Amino acid sequence: MNKVKVLWSGITGRTGKEALEIAKVSDSVEIVAGICRSDNNFYHYDELDSIKENFDVIVDFSHKDSFNKILEFALKVKKPIIIGTAGLTDEQMKSFEDASNIIPVFRGGNFRFEVKKFIDDVVEYAKKCEEKEIELVETHYKTKKVPSETAKVVAKRVLDETGKKVDIKSLLEYDEPINDWRVAYLNCRVIGFKELAEDILNIAIMMKNKKPNGVYDLDRLLKEKQLADLHNFLIEAKKQTYANENVKKISSTRLGSHDYEYKKENMIYHDTYFGGTDFMGEEVVYLSSNETPIWGMNYYGVVLDKSLSEEAIDNALRKALMKVGEGDILPVRGPKEFINEEYHYTFNVTGDLDYFEGEETISKNNKKVYILKCHGGLIKR
């Protein structure tokens, strides 16, 4: 795999220095050039047009006084930018929001994958607890600006998703770069800048091939990655279950059911159906780590021409379903169109893997002999 090439603005800062060391031994990312305000070993902000190195993504962890120049440069070279500079004015915030329609822009109150999990856990806690107001206590190193962006994100998400307010208590106690957040029994503590730099470089990898489409944050990136992983897994799973006539069923999980299962890495696919010429079924994808269902689909199919056997329909249907993932269509059944001798298969679907509805048909000699309707999407707690 080719390394993602990063141009780092604010390279002499604490996070930039850590990122430089990490990138030196990374197999997936490299920092090809750095920008700072005074160190002659790197480019200065009045030398942006002199940068000769090729790069894929710009990371900006500098100073608000340098932000305008680096954003203008990102727009000029049409490269994604990850913005971590603190203290931006309302005008600067408006500038990067406008830029997000021209180039891919990442900006969030949180860059840490570990902190992201904490935020999600707090939201779930707020949904279930009886308190009308949630207390968040954050304790940081003495030069930290508070309330932290992370605390603000927690407060906004809790309010948006539960209607409850978050009372933020900010303390500056540590001499070392320690950040600590606590809500009831939930706690997240991060130390130093090395892990932050690692997460930012991972975000750079994820941002490389994004398209301009509003401001990205960690929630959005992870959701899009989950959907991409799910998309690819479904293609493999469906080719290794019912569509593949050489694959054997597993033991029935319900009375009268026919069952298939496929496992790979962190996901499990299970398909259960009942019937023959007229049938109904359900597919579910689970995370194997905790057996949590994350996606599902229900379907019901009918053979309209009762002179045709289940085997005859299978012969046409299985071959079409083995084409899953081909063309620009969701990988939930087969392709948009497939012809097998006298059989003509079609599948029309609206929506995306979040939520979709579809209709599948088979015609024989221009007469419709089979129809299936399906719907499904992501499963959330």
# chains A, B, ... in the order shown; residues from 1 in each chain; ligands from 1
$ residues_around --residues "segment 274-290 of chain A" --least-positions-apart "2" --cutoff "8 Å" --atoms "only C-alpha atoms" --output "list in words"
Gly256, Ser257, His258, Glu265, Asn266, Met267, Ile268, Tyr269, His270, Asp271, Thr272, Thr292, Pro293, Ile294, Trp295, Gly296, Met297, Asn298, Tyr299, Tyr300, Gly301, Val302, Val303, Ser309 and Glu310 of chain A
$ select_by_dssp --residues "segment 202-329 of chain A" --states "strand (DSSP E or B)" --output "VMD selection string"
chain A and resid 215 to 216 250 258 to 264 267 to 275 278 to 287 292 to 303
$ residues_around --residues "Gly109 of chain A" --least-positions-apart "3" --cutoff "9 Å" --atoms "only C-alpha atoms" --output "MDAnalysis selection string"
chainID A and resid 84 148:153 217:218
$ write_last_selection --atoms "N, CA and C atoms" --output "CSV table (one decimal), in the first residue's frame"
chain,number,residue,atom,x,y,z
A,84,GLY,N,-7.0,21.3,13.5
A,84,GLY,CA,-6.9,21.2,14.9
A,84,GLY,C,-6.5,22.4,15.7
A,148,SER,N,-13.0,22.3,27.6
A,148,SER,CA,-12.4,21.7,26.4
A,148,SER,C,-13.4,21.5,25.3
A,149,GLU,N,-12.8,21.3,24.1
A,149,GLU,CA,-13.7,21.0,22.9
A,149,GLU,C,-14.5,19.7,23.1
A,150,THR,N,-13.8,18.8,23.8
A,150,THR,CA,-14.4,17.5,24.0
A,150,THR,C,-15.6,17.6,24.9
A,151,ALA,N,-15.5,18.4,26.0
A,151,ALA,CA,-16.6,18.7,26.9
A,151,ALA,C,-17.8,19.3,26.2
A,152,LYS,N,-17.5,20.3,25.3
A,152,LYS,CA,-18.5,20.9,24.5
A,152,LYS,C,-19.2,19.9,23.6
A,153,VAL,N,-18.5,19.0,23.0
A,153,VAL,CA,-19.1,18.0,22.1
A,153,VAL,C,-20.0,17.1,23.0
A,217,ASP,N,-16.2,15.0,10.8
A,217,ASP,CA,-15.7,14.8,12.2
A,217,ASP,C,-15.5,13.3,12.4
A,218,LEU,N,-15.1,13.0,13.6
A,218,LEU,CA,-14.7,11.6,13.9
A,218,LEU,C,-15.9,10.7,13.8
$ select_by_dssp --residues "segment 112-256 of chain A" --states "helix (DSSP H, G or I)" --output "ChimeraX atom specification"
/A:113-128,149-162,194-207,218-239
$ closest_residue --among "A:His375, A:Arg333, A:Lys78, A:His344" --to "Ile313 of chain A" --atoms "only C-alpha atoms"
A:His344
$ atom_distance --atom1 "atom CA of Glu138 of chain A" --atom2 "atom CA of Arg112 of chain A"
15.7 Å
$ closest_residue --among "A:Phe96, A:Phe347, A:Phe61, A:Phe106" --to "Met206 of chain A" --atoms "only C-alpha atoms"
A:Phe106
$ residues_around --residues "Leu196 of chain A" --least-positions-apart "6" --cutoff "9 Å" --atoms "only C-alpha atoms" --output "PyMOL selection string"
chain A and resi 15+18-19+111-112+190
$ residues_around --residues "segment 178-186 of chain A" --least-positions-apart "4" --cutoff "6 Å" --atoms "only C-alpha atoms" --output "PDB file with N, CA, C and O atoms, in the first residue's frame"
ATOM      1  N   LEU A 136     -20.458  16.721  34.207  1.00  0.00           N
ATOM      2  CA  LEU A 136     -19.198  16.282  33.619  1.00  0.00           C
ATOM      3  C   LEU A 136     -18.067  17.031  34.307  1.00  0.00           C
ATOM      4  O   LEU A 136     -18.037  18.264  34.296  1.00  0.00           O
ATOM      5  N   VAL A 137     -17.162  16.291  34.919  1.00  0.00           N
ATOM      6  CA  VAL A 137     -15.993  16.885  35.562  1.00  0.00           C
ATOM      7  C   VAL A 137     -14.776  16.596  34.703  1.00  0.00           C
ATOM      8  O   VAL A 137     -14.445  15.439  34.430  1.00  0.00           O
ATOM      9  N   GLU A 138     -14.121  17.649  34.232  1.00  0.00           N
ATOM     10  CA  GLU A 138     -12.907  17.474  33.437  1.00  0.00           C
ATOM     11  C   GLU A 138     -11.726  18.091  34.178  1.00  0.00           C
ATOM     12  O   GLU A 138     -11.823  19.192  34.727  1.00  0.00           O
ATOM     13  N   THR A 139     -10.612  17.354  34.179  1.00  0.00           N
ATOM     14  CA  THR A 139      -9.395  17.804  34.847  1.00  0.00           C
ATOM     15  C   THR A 139      -8.245  17.724  33.850  1.00  0.00           C
ATOM     16  O   THR A 139      -8.016  16.670  33.247  1.00  0.00           O
ATOM     17  N   HIS A 140      -7.529  18.846  33.693  1.00  0.00           N
ATOM     18  CA  HIS A 140      -6.507  18.931  32.641  1.00  0.00           C
ATOM     19  C   HIS A 140      -5.187  19.498  33.180  1.00  0.00           C
ATOM     20  O   HIS A 140      -5.083  19.892  34.345  1.00  0.00           O
ATOM     21  N   TYR A 141      -4.197  19.540  32.266  1.00  0.00           N
ATOM     22  CA  TYR A 141      -2.933  20.202  32.581  1.00  0.00           C
ATOM     23  C   TYR A 141      -3.177  21.712  32.654  1.00  0.00           C
ATOM     24  O   TYR A 141      -4.122  22.237  32.068  1.00  0.00           O
ATOM     25  N   VAL A 190      -6.522  10.484  29.096  1.00  0.00           N
ATOM     26  CA  VAL A 190      -5.479  10.377  28.077  1.00  0.00           C
ATOM     27  C   VAL A 190      -4.276  11.201  28.528  1.00  0.00           C
ATOM     28  O   VAL A 190      -4.422  12.272  29.117  1.00  0.00           O
ATOM     29  N   ILE A 191      -3.103  10.655  28.236  1.00  0.00           N
ATOM     30  CA  ILE A 191      -1.867  11.262  28.712  1.00  0.00           C
ATOM     31  C   ILE A 191      -0.929  11.522  27.538  1.00  0.00           C
ATOM     32  O   ILE A 191      -0.730  10.657  26.685  1.00  0.00           O
TER      33      ILE A 191
END
$ atom_distance --atom1 "atom CA of Lys223 of chain A" --atom2 "atom CA of Asp354 of chain A"
10.1 Å
$ residues_around --residues "Phe67 of chain A" --least-positions-apart "3" --cutoff "9 Å" --atoms "only C-alpha atoms" --output "ChimeraX atom specification"
/A:60,62-64,70-72,83,85,88,92
